[in-house]
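Structure file data_21.txt; described as compact mmCIF, C-alpha atoms and all ligand atoms.
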# COMPACT_ATOMS: atom_id res chain seq x y z
CA MET A 108 -34.74 21.23 25.42
CA THR A 109 -37.07 18.61 24.08
CA PRO A 110 -36.25 17.45 20.56
CA ALA A 111 -38.61 18.69 17.84
CA ALA A 112 -41.53 16.41 17.16
CA PRO A 113 -41.71 14.95 13.65
CA SER A 114 -44.05 17.01 11.53
CA LYS A 115 -44.31 15.08 8.26
CA LEU A 116 -47.00 12.49 8.54
CA ALA A 117 -48.34 9.44 6.77
CA LEU A 118 -51.89 8.69 7.87
CA LEU A 119 -52.96 5.14 7.09
CA GLY A 120 -56.65 4.51 7.69
CA ALA A 121 -57.52 8.18 7.24
CA THR A 122 -61.30 7.76 7.04
CA GLY A 123 -61.74 5.42 10.01
CA SER A 124 -62.51 6.43 13.58
CA ILE A 125 -58.87 6.88 14.65
CA GLY A 126 -57.96 8.46 11.31
CA GLN A 127 -60.70 11.06 11.64
CA GLN A 128 -59.73 11.86 15.21
CA THR A 129 -56.08 12.14 14.13
CA LEU A 130 -57.12 14.77 11.61
CA GLU A 131 -59.12 16.59 14.29
CA VAL A 132 -55.91 16.78 16.34
CA VAL A 133 -53.91 17.94 13.31
CA ARG A 134 -56.46 20.73 12.69
CA ALA A 135 -56.56 21.72 16.35
CA LEU A 136 -52.76 21.83 16.64
CA ALA A 137 -52.55 23.87 13.41
CA ALA A 138 -55.04 26.37 14.86
CA ARG A 139 -52.64 26.73 17.82
CA GLY A 140 -49.62 27.28 15.59
CA HIS A 141 -48.17 23.74 15.46
CA GLN A 142 -48.19 22.64 11.82
CA ILE A 143 -48.13 18.96 10.84
CA ARG A 144 -47.95 18.23 7.13
CA LEU A 145 -49.85 15.26 5.72
CA ILE A 146 -47.45 13.78 3.18
CA THR A 147 -49.49 10.66 2.41
CA LEU A 148 -53.08 9.61 3.09
CA ALA A 149 -54.36 6.07 2.80
CA ALA A 150 -57.88 4.73 3.13
CA GLY A 151 -59.70 1.66 1.88
CA ARG A 152 -63.04 2.21 0.21
CA ARG A 153 -64.46 5.55 1.32
CA VAL A 154 -63.10 7.34 -1.72
CA GLU A 155 -65.32 10.43 -1.60
CA GLU A 156 -64.30 11.19 1.95
CA LEU A 157 -60.65 10.54 1.10
CA ALA A 158 -60.84 12.87 -1.92
CA ARG A 159 -62.32 15.56 0.32
CA LEU A 160 -59.43 15.12 2.78
CA ALA A 161 -56.92 15.25 -0.09
CA GLY A 162 -58.48 18.59 -1.07
CA GLU A 163 -58.12 19.86 2.48
CA PHE A 164 -54.60 18.59 3.29
CA SER A 165 -52.88 18.48 -0.16
CA PRO A 166 -50.87 15.29 0.38
CA GLN A 167 -48.26 14.18 -2.16
CA LEU A 168 -49.65 10.67 -2.38
CA VAL A 169 -53.00 9.00 -1.83
CA ALA A 170 -53.47 5.23 -1.46
CA VAL A 171 -56.75 3.31 -1.84
CA ALA A 172 -57.78 -0.35 -1.50
CA GLY A 173 -57.68 -1.47 -5.14
CA PRO A 174 -57.94 -0.56 -8.85
CA ARG A 175 -61.69 -0.03 -8.64
CA GLU A 176 -61.36 2.53 -5.85
CA ALA A 177 -58.47 4.16 -7.74
CA GLU A 178 -60.73 4.49 -10.79
CA ALA A 179 -63.45 6.04 -8.62
CA ILE A 180 -61.25 8.54 -6.81
CA LYS A 181 -59.21 9.66 -9.82
CA PRO A 182 -61.67 12.31 -11.12
CA LEU A 183 -62.26 13.60 -7.58
CA LEU A 184 -58.60 14.23 -6.65
CA PRO A 185 -56.96 17.63 -6.98
CA PRO A 186 -54.29 17.59 -9.74
CA GLY A 187 -50.68 16.64 -8.95
CA ILE A 188 -51.38 14.00 -6.30
CA GLU A 189 -49.84 10.59 -6.91
CA LEU A 190 -52.42 7.80 -6.75
CA VAL A 191 -51.50 4.24 -5.70
CA TRP A 192 -53.52 1.24 -4.58
CA GLY A 193 -53.52 -2.21 -3.05
CA GLU A 194 -51.15 -3.58 -0.49
CA ALA A 195 -48.13 -2.25 -2.38
CA GLY A 196 -49.75 1.18 -2.46
CA LEU A 197 -50.34 1.14 1.28
CA GLN A 198 -46.69 0.26 1.84
CA GLN A 199 -45.64 3.10 -0.49
CA ALA A 200 -47.71 5.48 1.61
CA ALA A 201 -46.02 4.15 4.75
CA ALA A 202 -42.45 4.24 3.44
CA HIS A 203 -42.65 7.49 1.42
CA PRO A 204 -39.19 9.17 1.56
CA GLU A 205 -40.51 12.45 3.01
CA VAL A 206 -42.54 10.88 5.81
CA GLU A 207 -41.13 11.02 9.36
CA LEU A 208 -44.01 9.62 11.37
CA VAL A 209 -46.52 6.99 10.28
CA VAL A 210 -49.87 6.83 12.05
CA ASN A 211 -51.02 3.29 11.36
CA ALA A 212 -54.76 3.25 11.99
CA VAL A 213 -55.51 0.62 9.38
CA VAL A 214 -58.08 -1.89 10.60
CA GLY A 215 -57.02 -5.48 10.02
CA ALA A 216 -54.09 -7.61 9.01
CA LEU A 217 -53.01 -5.35 6.12
CA GLY A 218 -51.75 -2.99 8.79
CA LEU A 219 -49.00 -5.38 9.87
CA ARG A 220 -47.24 -5.31 6.49
CA ALA A 221 -47.52 -1.52 6.41
CA THR A 222 -45.89 -1.34 9.86
CA LEU A 223 -43.05 -3.60 8.73
CA ALA A 224 -42.50 -1.50 5.58
CA ALA A 225 -42.46 1.73 7.59
CA LEU A 226 -40.04 0.39 10.21
CA GLN A 227 -37.68 -0.98 7.57
CA ALA A 228 -37.72 2.45 5.91
CA GLY A 229 -36.63 3.98 9.23
CA LYS A 230 -39.91 5.73 10.08
CA VAL A 231 -41.31 6.20 13.55
CA VAL A 232 -44.63 4.33 13.70
CA ALA A 233 -47.53 5.25 15.96
CA LEU A 234 -49.55 2.07 16.26
CA ALA A 235 -53.30 2.03 16.46
CA ASN A 236 -53.39 -1.08 14.27
CA LYS A 237 -53.90 -3.99 16.67
CA GLU A 238 -52.63 -6.66 14.31
CA SER A 239 -49.13 -5.18 14.15
CA LEU A 240 -48.23 -6.20 17.70
CA VAL A 241 -50.93 -8.76 18.48
CA VAL A 242 -50.35 -10.85 15.36
CA GLY A 243 -46.83 -9.90 14.38
CA GLY A 244 -45.22 -8.75 17.63
CA GLU A 245 -41.98 -10.64 17.21
CA LEU A 246 -41.59 -9.64 13.54
CA VAL A 247 -42.35 -6.00 14.30
CA LEU A 248 -39.76 -5.85 17.08
CA ALA A 249 -37.19 -7.46 14.80
CA ALA A 250 -37.96 -5.00 11.95
CA GLN A 251 -36.88 -1.95 13.94
CA THR A 252 -33.78 -0.29 12.47
CA LYS A 253 -33.20 2.07 15.40
CA PRO A 254 -34.34 2.47 19.02
CA HIS A 255 -37.61 4.20 19.94
CA GLN A 256 -39.20 3.56 16.57
CA LEU A 257 -42.57 2.51 17.97
CA LEU A 258 -45.09 4.77 19.65
CA PRO A 259 -48.35 3.56 21.12
CA LEU A 260 -51.57 5.10 19.92
CA ASP A 261 -53.99 3.91 22.53
CA SER A 262 -54.99 5.46 25.81
CA GLU A 263 -53.58 2.77 28.12
CA HIS A 264 -50.29 2.33 26.31
CA ALA A 265 -49.76 6.05 25.81
CA ALA A 266 -50.32 6.42 29.56
CA LEU A 267 -47.89 3.61 30.36
CA ALA A 268 -45.26 5.04 28.03
CA GLN A 269 -45.46 8.34 29.91
CA LEU A 270 -45.23 6.61 33.30
CA LEU A 271 -42.43 4.20 32.41
CA ALA A 272 -40.30 6.95 30.86
CA GLY A 273 -39.35 8.07 34.35
CA ILE A 274 -38.88 4.66 35.95
CA LYS A 275 -35.88 2.30 35.94
CA PRO A 276 -36.80 -1.34 35.12
CA GLY A 277 -35.80 -2.60 38.60
CA GLU A 278 -38.14 -0.08 40.26
CA LEU A 279 -41.31 -1.46 38.69
CA VAL A 280 -43.38 -4.08 40.49
CA ARG A 281 -46.24 -4.09 38.03
CA ALA A 282 -47.66 -2.03 35.19
CA TRP A 283 -51.45 -1.83 35.38
CA ILE A 284 -53.68 -0.97 32.49
CA THR A 285 -57.32 -0.21 33.13
CA ALA A 286 -60.43 -1.54 31.44
CA SER A 287 -63.73 0.32 31.56
CA GLY A 288 -65.39 -3.10 31.61
CA GLY A 289 -67.68 -2.18 28.75
CA PRO A 290 -71.47 -1.96 28.91
CA PHE A 291 -72.05 -5.44 30.42
CA PHE A 292 -69.53 -5.71 33.21
CA HIS A 293 -72.18 -5.81 35.94
CA LEU A 294 -74.60 -8.00 34.03
CA PRO A 295 -75.18 -11.48 35.54
CA SER A 296 -73.54 -14.00 33.22
CA HIS A 297 -76.82 -15.73 32.26
CA GLN A 298 -78.05 -12.46 30.75
CA LEU A 299 -74.93 -12.02 28.63
CA ALA A 300 -76.14 -14.59 26.12
CA LYS A 301 -79.09 -12.34 25.28
CA VAL A 302 -77.38 -9.01 24.67
CA THR A 303 -77.90 -7.53 21.22
CA PRO A 304 -75.38 -6.01 18.80
CA GLN A 305 -77.04 -2.61 19.40
CA GLN A 306 -76.43 -2.90 23.15
CA ALA A 307 -72.82 -4.01 22.56
CA LEU A 308 -72.17 -1.08 20.25
CA ALA A 309 -73.32 1.46 22.83
CA HIS A 310 -70.05 1.80 24.74
CA PRO A 311 -70.42 3.97 27.85
CA THR A 312 -67.13 5.86 27.70
CA TRP A 313 -65.24 5.46 24.42
CA LYS A 314 -66.18 6.33 20.85
CA MET A 315 -64.65 3.65 18.60
CA GLY A 316 -65.18 1.48 15.52
CA PRO A 317 -67.64 -1.49 15.69
CA ARG A 318 -65.15 -4.34 16.08
CA ILE A 319 -63.16 -2.76 18.88
CA THR A 320 -66.38 -1.72 20.61
CA VAL A 321 -67.55 -5.36 20.69
CA ASP A 322 -64.02 -6.45 21.68
CA SER A 323 -64.25 -4.03 24.59
CA ALA A 324 -67.58 -5.51 25.67
CA THR A 325 -66.14 -9.07 25.66
CA LEU A 326 -62.87 -7.76 27.20
CA VAL A 327 -61.00 -9.52 24.39
CA ASN A 328 -59.63 -6.10 23.49
CA LYS A 329 -58.04 -5.85 26.93
CA ALA A 330 -56.20 -9.13 26.39
CA PHE A 331 -54.95 -7.77 23.06
CA GLU A 332 -53.76 -4.69 24.94
CA VAL A 333 -51.83 -6.81 27.45
CA ILE A 334 -50.12 -8.54 24.50
CA GLU A 335 -49.31 -5.13 23.01
CA ALA A 336 -47.90 -3.87 26.31
CA HIS A 337 -45.75 -6.99 26.60
CA HIS A 338 -44.14 -6.26 23.22
CA LEU A 339 -44.08 -2.45 23.38
CA PHE A 340 -42.44 -2.18 26.77
CA GLY A 341 -40.62 -5.52 26.95
CA LEU A 342 -42.51 -6.35 30.14
CA PRO A 343 -42.78 -9.96 31.36
CA TRP A 344 -46.38 -11.21 31.51
CA GLU A 345 -46.51 -11.33 35.30
CA LYS A 346 -45.61 -7.65 35.46
CA ILE A 347 -48.70 -6.57 33.51
CA GLY A 348 -52.00 -6.34 35.36
CA VAL A 349 -55.52 -5.31 34.43
CA LEU A 350 -57.83 -3.30 36.68
CA VAL A 351 -61.47 -2.71 35.84
CA HIS A 352 -62.16 0.99 36.23
CA PRO A 353 -65.58 1.98 34.89
CA GLN A 354 -64.95 5.74 34.91
CA ALA A 355 -62.05 5.38 32.41
CA ILE A 356 -60.19 8.33 33.90
CA VAL A 357 -57.10 6.50 35.16
CA HIS A 358 -55.58 4.85 32.08
CA ALA A 359 -52.50 3.20 33.54
CA ILE A 360 -50.69 2.82 36.84
CA ALA A 361 -47.07 2.05 37.59
CA GLU A 362 -46.69 0.19 40.87
CA LEU A 363 -43.22 0.71 42.29
CA VAL A 364 -40.95 -1.18 44.67
CA ASP A 365 -41.15 1.46 47.41
CA GLY A 366 -44.93 1.12 47.62
CA SER A 367 -45.71 4.20 45.55
CA GLN A 368 -48.03 4.07 42.60
CA LEU A 369 -47.95 6.57 39.76
CA ALA A 370 -51.03 6.99 37.62
CA GLN A 371 -51.93 8.82 34.44
CA LEU A 372 -55.35 10.46 34.50
CA ALA A 373 -57.26 12.16 31.71
CA THR A 374 -60.73 12.53 30.28
CA PRO A 375 -61.50 9.46 28.12
CA ASP A 376 -60.78 10.98 24.72
CA MET A 377 -58.77 9.18 22.03
CA ARG A 378 -57.51 12.50 20.75
CA LEU A 379 -55.21 12.75 23.76
CA PRO A 380 -53.13 9.60 23.08
CA ILE A 381 -53.20 10.54 19.38
CA GLN A 382 -51.79 13.94 20.21
CA ALA A 383 -49.19 12.41 22.54
CA ALA A 384 -47.91 10.39 19.57
CA LEU A 385 -48.08 13.30 17.10
CA THR A 386 -46.15 15.70 19.32
CA HIS A 387 -43.95 13.15 21.13
CA PRO A 388 -41.94 13.89 23.22
CA ALA A 389 -43.39 17.39 23.64
CA ARG A 390 -46.67 18.33 25.32
CA LEU A 391 -48.76 20.99 23.67
CA PRO A 392 -52.19 22.44 24.28
CA GLY A 393 -54.69 20.49 22.20
CA PRO A 394 -58.36 19.71 21.69
CA ALA A 395 -58.90 17.29 24.61
CA ARG A 396 -61.22 18.49 27.36
CA PRO A 397 -59.45 19.26 30.64
CA LEU A 398 -60.20 16.88 33.49
CA SER A 399 -61.86 18.12 36.63
CA LEU A 400 -61.51 15.62 39.47
CA ALA A 401 -63.63 17.37 42.07
CA GLY A 402 -66.79 15.40 42.77
CA LYS A 403 -65.62 12.41 40.74
CA ARG A 404 -65.63 8.90 42.11
CA LEU A 405 -62.95 6.51 40.91
CA GLU A 406 -63.54 2.76 41.36
CA PHE A 407 -61.26 -0.19 40.68
CA ALA A 408 -61.84 -3.93 40.66
CA GLU A 409 -59.85 -6.95 39.69
CA LEU A 410 -61.04 -8.96 36.73
CA PRO A 411 -62.67 -12.11 38.15
CA ARG A 412 -60.92 -15.33 37.13
CA ASP A 413 -64.20 -17.18 36.63
CA SER A 414 -65.82 -14.74 34.21
CA TRP A 415 -64.92 -12.96 30.97
CA PRO A 416 -63.53 -16.15 29.37
CA GLY A 417 -62.68 -14.23 26.16
CA PHE A 418 -60.10 -12.22 28.08
CA TRP A 419 -58.45 -15.23 29.71
CA THR A 420 -58.45 -17.32 26.52
CA VAL A 421 -56.81 -14.60 24.45
CA LEU A 422 -54.34 -13.77 27.22
CA GLU A 423 -53.34 -17.45 27.28
CA ALA A 424 -52.85 -17.32 23.50
CA GLY A 425 -50.64 -14.29 23.97
CA ARG A 426 -48.51 -16.06 26.55
CA GLU A 427 -48.26 -19.09 24.30
CA GLY A 428 -46.99 -16.80 21.50
CA GLY A 429 -45.99 -17.95 18.02
CA THR A 430 -49.05 -18.26 15.81
CA ALA A 431 -51.53 -18.48 18.72
CA PRO A 432 -52.27 -14.72 19.01
CA ALA A 433 -52.75 -14.53 15.22
CA VAL A 434 -55.31 -17.31 15.49
CA ALA A 435 -57.07 -15.53 18.35
CA ASN A 436 -57.22 -12.29 16.39
CA ALA A 437 -58.49 -13.84 13.15
CA ALA A 438 -61.08 -16.03 14.85
CA ASP A 439 -62.26 -13.07 16.92
CA GLU A 440 -62.75 -10.94 13.80
CA VAL A 441 -64.97 -13.59 12.22
CA LEU A 442 -66.90 -14.19 15.44
CA VAL A 443 -67.52 -10.50 16.08
CA GLU A 444 -68.77 -10.05 12.52
CA ALA A 445 -71.10 -13.03 12.97
CA PHE A 446 -72.39 -11.58 16.24
CA LEU A 447 -73.01 -8.18 14.64
CA ALA A 448 -74.85 -9.92 11.78
CA GLY A 449 -77.12 -11.65 14.31
CA LYS A 450 -75.78 -15.12 13.49
CA ILE A 451 -74.36 -16.01 16.92
CA SER A 452 -74.88 -14.81 20.48
CA PHE A 453 -72.57 -12.57 22.48
CA THR A 454 -71.35 -15.50 24.60
CA ASP A 455 -70.62 -17.50 21.45
CA ILE A 456 -67.70 -15.13 20.81
CA PRO A 457 -65.57 -16.41 23.73
CA ALA A 458 -66.88 -19.94 23.21
CA GLY A 459 -65.76 -19.85 19.56
CA LEU A 460 -62.38 -18.42 20.51
CA ALA A 461 -61.78 -21.19 23.03
CA GLU A 462 -62.82 -23.86 20.54
CA VAL A 463 -60.63 -22.59 17.68
CA LEU A 464 -57.59 -22.06 19.93
CA ALA A 465 -57.97 -25.51 21.48
CA ARG A 466 -57.72 -27.01 18.00
CA HIS A 467 -54.64 -25.00 17.05
CA ASN A 468 -51.08 -26.32 17.16
CA PRO A 469 -49.03 -23.15 17.44
CA ILE A 470 -45.80 -22.66 15.50
CA SER A 471 -43.13 -20.73 17.40
CA SER A 472 -41.22 -17.81 15.80
CA PRO A 473 -43.46 -17.84 12.72
CA THR A 474 -42.64 -16.15 9.42
CA LEU A 475 -45.11 -13.70 7.88
CA GLU A 476 -46.20 -16.49 5.57
CA GLU A 477 -46.89 -18.83 8.49
CA LEU A 478 -48.83 -16.09 10.27
CA TRP A 479 -51.12 -15.69 7.23
CA GLU A 480 -51.63 -19.43 7.04
CA ALA A 481 -52.61 -19.49 10.71
CA ASP A 482 -54.88 -16.49 10.09
CA HIS A 483 -56.67 -18.23 7.18
CA TRP A 484 -56.96 -21.47 9.10
CA ALA A 485 -58.47 -19.66 12.10
CA ARG A 486 -61.03 -17.83 9.94
CA GLU A 487 -62.09 -21.11 8.37
CA GLN A 488 -62.44 -22.75 11.79
CA ALA A 489 -64.37 -19.78 13.18
CA ARG A 490 -66.75 -19.82 10.18
CA ARG A 491 -67.40 -23.50 10.80
CA PHE A 492 -68.14 -22.76 14.45
CA VAL A 493 -70.62 -20.07 13.35
CA GLN A 494 -72.37 -22.48 10.95
CA VAL A 495 -72.73 -25.12 13.64
CA ARG A 496 -74.14 -22.57 16.11
CA GLN A 497 -76.59 -21.29 13.49
CA ARG A 498 -77.92 -24.77 12.87
CA ALA A 499 -78.24 -25.47 16.59
MG MG B 1 -57.41 0.98 24.74

How would this structure read if it were set down as structure tokens?
Amino acid sequence: MTPAAPSKLALLGATGSIGQQTLEVVRALAARGHQIRLITLAAGRRVEELARLAGEFSPQLVAVAGPREAEAIKPLLPPGIELVWGEAGLQQAAAHPEVELVVNAVVGALGLRATLAALQAGKVVALANKESLVVGGELVLAAQTKPHQLLPLDSEHAALAQLLAGIKPGELVRAWITASGGPFFHLPSHQLAKVTPQQALAHPTWKMGPRITVDSATLVNKAFEVIEAHHLFGLPWEKIGVLVHPQAIVHAIAELVDGSQLAQLATPDMRLPIQAALTHPARLPGPARPLSLAGKRLEFAELPRDSWPGFWTVLEAGREGGTAPAVANAADEVLVEAFLAGKISFTDIPAGLAEVLARHNPISSPTLEELWEADHWAREQARRFVQVRQRA
């Protein structure tokens, strides 16, 4: 018998793209008789939407960004719901005594502290928050109080988790994650400099938030995912590979010593990895569309060494470790924002990343404090890069 899946949930980042899709899965599972109770809900600034969700799901606690948002949501909340705010509030939502599973879909560095608080409180954490493992990988691994406390909440890592569950470490040659390549993969590199934010935001296969959509187009997101896989599965760097696969149907492949390869295939739909985390380790019927392979063409290519510099730069930062991935993440956030605001070009994103990382002297085994210092430093450096490019 499979053990019962945890059914008492904290949803951090409830009004974002992953948060909304998590709630779609919760509704769809409930309609099929599998009830998941929302114990806490946290969101930043979209208070009206959060209040509406509180009305629908009757959580015990609601967390918002700050006192102003708390003031705004107070009259909209149904009676009897505890209201908290700020970073401490987010951590309260994560570590609430009744919660069993925390879905951390917070966007940004705040998510790392919430992950640490949840792990220290003994919760299982499903991670959609990139910063938790990209920025704070070593701290997050050290904060676990029991085995199997982390679950991936991303298509590639959810696929890998399913594949690796049946494989002994010595049997694995390489774990491959796929990359759709984004909207510009086949564009000649001289045209990349001219792509617009609108073009970058039109991702061919996945529906995601703006930053991750741009990160997918630069392939920086894929480097972040390699870093996450390294921490999540304890895989050495040379055992993680990336294959470009535009159809986004195969999400991960396990290459084995006997020459076999096992793959996980599914329609590109974030609700599937979300559901895998919510019902782990069980499989239940859910809202994702079934996949029909007949008539489909599946293509794979290796990522060329001489293009997609954002990927290679961030991967190098990951391998370097310490504060380097935190610097890559923070600089990337600033650069993506500047690109979306029309201040720099698409190819300035990898150029800025390379410049900021080249100037950085990484600290190994950093504390949380040192990670924030590196984060602030990187943002400052990236802003300077943007100013120089704007003047040019
Ligand atoms: Mg992904």

Could you list the protein, DNA and RNA residues that have any atom within 6 Å of ligand MG 1 (chain B), counting all atoms listed in the file, and write them as an mmCIF file with C-alpha atoms, in the coordinates of the input?
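What ended up in out-v2.cif:
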data_model
loop_
_atom_site.group_PDB
_atom_site.id
_atom_site.type_symbol
_atom_site.label_atom_id
_atom_site.label_comp_id
_atom_site.auth_asym_id
_atom_site.auth_seq_id
_atom_site.Cartn_x
_atom_site.Cartn_y
_atom_site.Cartn_z
ATOM 1 C CA ASP A 261 -53.990 3.910 22.530
ATOM 2 C CA SER A 262 -54.990 5.460 25.810
ATOM 3 C CA GLU A 263 -53.580 2.770 28.120
#

In terms of all atoms listed in the file, the residue from A:Leu400, A:Ala177, A:Ile381, A:Ala355 at minimal distance from A:Ala158 is A:Ala177

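Across A:Val321, A:Ala216, A:Leu363, A:Val421, the tightest approach to A:Phe453 is made by A:Val321 when counting only C-alpha atoms.
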
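Between atom CA of A:Thr122 and atom CA of A:Arg152 the interatomic distance comes to 9.0 Å.
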
Check: Can you tell me, as an MDAnalysis selection string, which residues sit within 9 Å of (-58.8, -11.8, 15.8) in the file's frame, using only C-alpha atoms?
Finding: chainID A and resid 215 238 241:242 432:443 460 482 485:486

Take the residues from that selection and put them in a file with C-alpha atoms, as a compact mmCIF listing (two decimals), keeping the file's coordinate frame.
# COMPACT_ATOMS: atom_id res chain seq x y z
CA GLY A 215 -57.02 -5.48 10.02
CA GLU A 238 -52.63 -6.66 14.31
CA VAL A 241 -50.93 -8.76 18.48
CA VAL A 242 -50.35 -10.85 15.36
CA PRO A 432 -52.27 -14.72 19.01
CA ALA A 433 -52.75 -14.53 15.22
CA VAL A 434 -55.31 -17.31 15.49
CA ALA A 435 -57.07 -15.53 18.35
CA ASN A 436 -57.22 -12.29 16.39
CA ALA A 437 -58.49 -13.84 13.15
CA ALA A 438 -61.08 -16.03 14.85
CA ASP A 439 -62.26 -13.07 16.92
CA GLU A 440 -62.75 -10.94 13.80
CA VAL A 441 -64.97 -13.59 12.22
CA LEU A 442 -66.90 -14.19 15.44
CA VAL A 443 -67.52 -10.50 16.08
CA LEU A 460 -62.38 -18.42 20.51
CA ASP A 482 -54.88 -16.49 10.09
CA ALA A 485 -58.47 -19.66 12.10
CA ARG A 486 -61.03 -17.83 9.94

Of A:His264, A:Arg490, A:Arg466, A:His483, the one nearest to A:Glu335 when counting all atoms listed in the file is A:His264

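Proximity of A:Ala431, A:Ala300, A:Val132, A:Ala458 to A:Trp484, computed with all atoms listed in the file, is greatest for A:Ala431.
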
Contact residues around A:Ile180 with all atoms listed in the file at 12 Å, ignoring same-chain residues under 2 positions, as a VMD selection string: chain A and resid 150 to 162 169 to 178 182 to 186 188 to 192

What does the file look like for those residues with C-alpha atoms, as a compact mmCIF listing (two decimals), keeping the file's coordinate frame?
# COMPACT_ATOMS: atom_id res chain seq x y z
CA ALA A 150 -57.88 4.73 3.13
CA GLY A 151 -59.70 1.66 1.88
CA ARG A 152 -63.04 2.21 0.21
CA ARG A 153 -64.46 5.55 1.32
CA VAL A 154 -63.10 7.34 -1.72
CA GLU A 155 -65.32 10.43 -1.60
CA GLU A 156 -64.30 11.19 1.95
CA LEU A 157 -60.65 10.54 1.10
CA ALA A 158 -60.84 12.87 -1.92
CA ARG A 159 -62.32 15.56 0.32
CA LEU A 160 -59.43 15.12 2.78
CA ALA A 161 -56.92 15.25 -0.09
CA GLY A 162 -58.48 18.59 -1.07
CA VAL A 169 -53.00 9.00 -1.83
CA ALA A 170 -53.47 5.23 -1.46
CA VAL A 171 -56.75 3.31 -1.84
CA ALA A 172 -57.78 -0.35 -1.50
CA GLY A 173 -57.68 -1.47 -5.14
CA PRO A 174 -57.94 -0.56 -8.85
CA ARG A 175 -61.69 -0.03 -8.64
CA GLU A 176 -61.36 2.53 -5.85
CA ALA A 177 -58.47 4.16 -7.74
CA GLU A 178 -60.73 4.49 -10.79
CA PRO A 182 -61.67 12.31 -11.12
CA LEU A 183 -62.26 13.60 -7.58
CA LEU A 184 -58.60 14.23 -6.65
CA PRO A 185 -56.96 17.63 -6.98
CA PRO A 186 -54.29 17.59 -9.74
CA ILE A 188 -51.38 14.00 -6.30
CA GLU A 189 -49.84 10.59 -6.91
CA LEU A 190 -52.42 7.80 -6.75
CA VAL A 191 -51.50 4.24 -5.70
CA TRP A 192 -53.52 1.24 -4.58

Hey, could you make a per-residue contact list for stretch 378-437 of chain A against stretch 283-295 of chain A with 10 Å as the cut-off, showing the nearest pair of atoms and its distance in Å to one decimal, counting all atoms listed in the file, sorted by chain and number, as a Markdown table?
| residue | atom | partner | partner_atom | distance |
| --- | --- | --- | --- | --- |
| A:Phe407 | CA | A:Thr285 | CA | 8.5 |
| A:Ala408 | CA | A:Thr285 | CA | 9.5 |
| A:Glu409 | CA | A:Thr285 | CA | 9.7 |
| A:Leu410 | CA | A:Gly288 | CA | 8.9 |
| A:Ser414 | CA | A:Phe292 | CA | 9.8 |
| A:Trp415 | CA | A:Phe292 | CA | 8.9 |

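Between atom CA of A:Arg134 and atom CA of A:Pro394 the separation is 9.3 Å.
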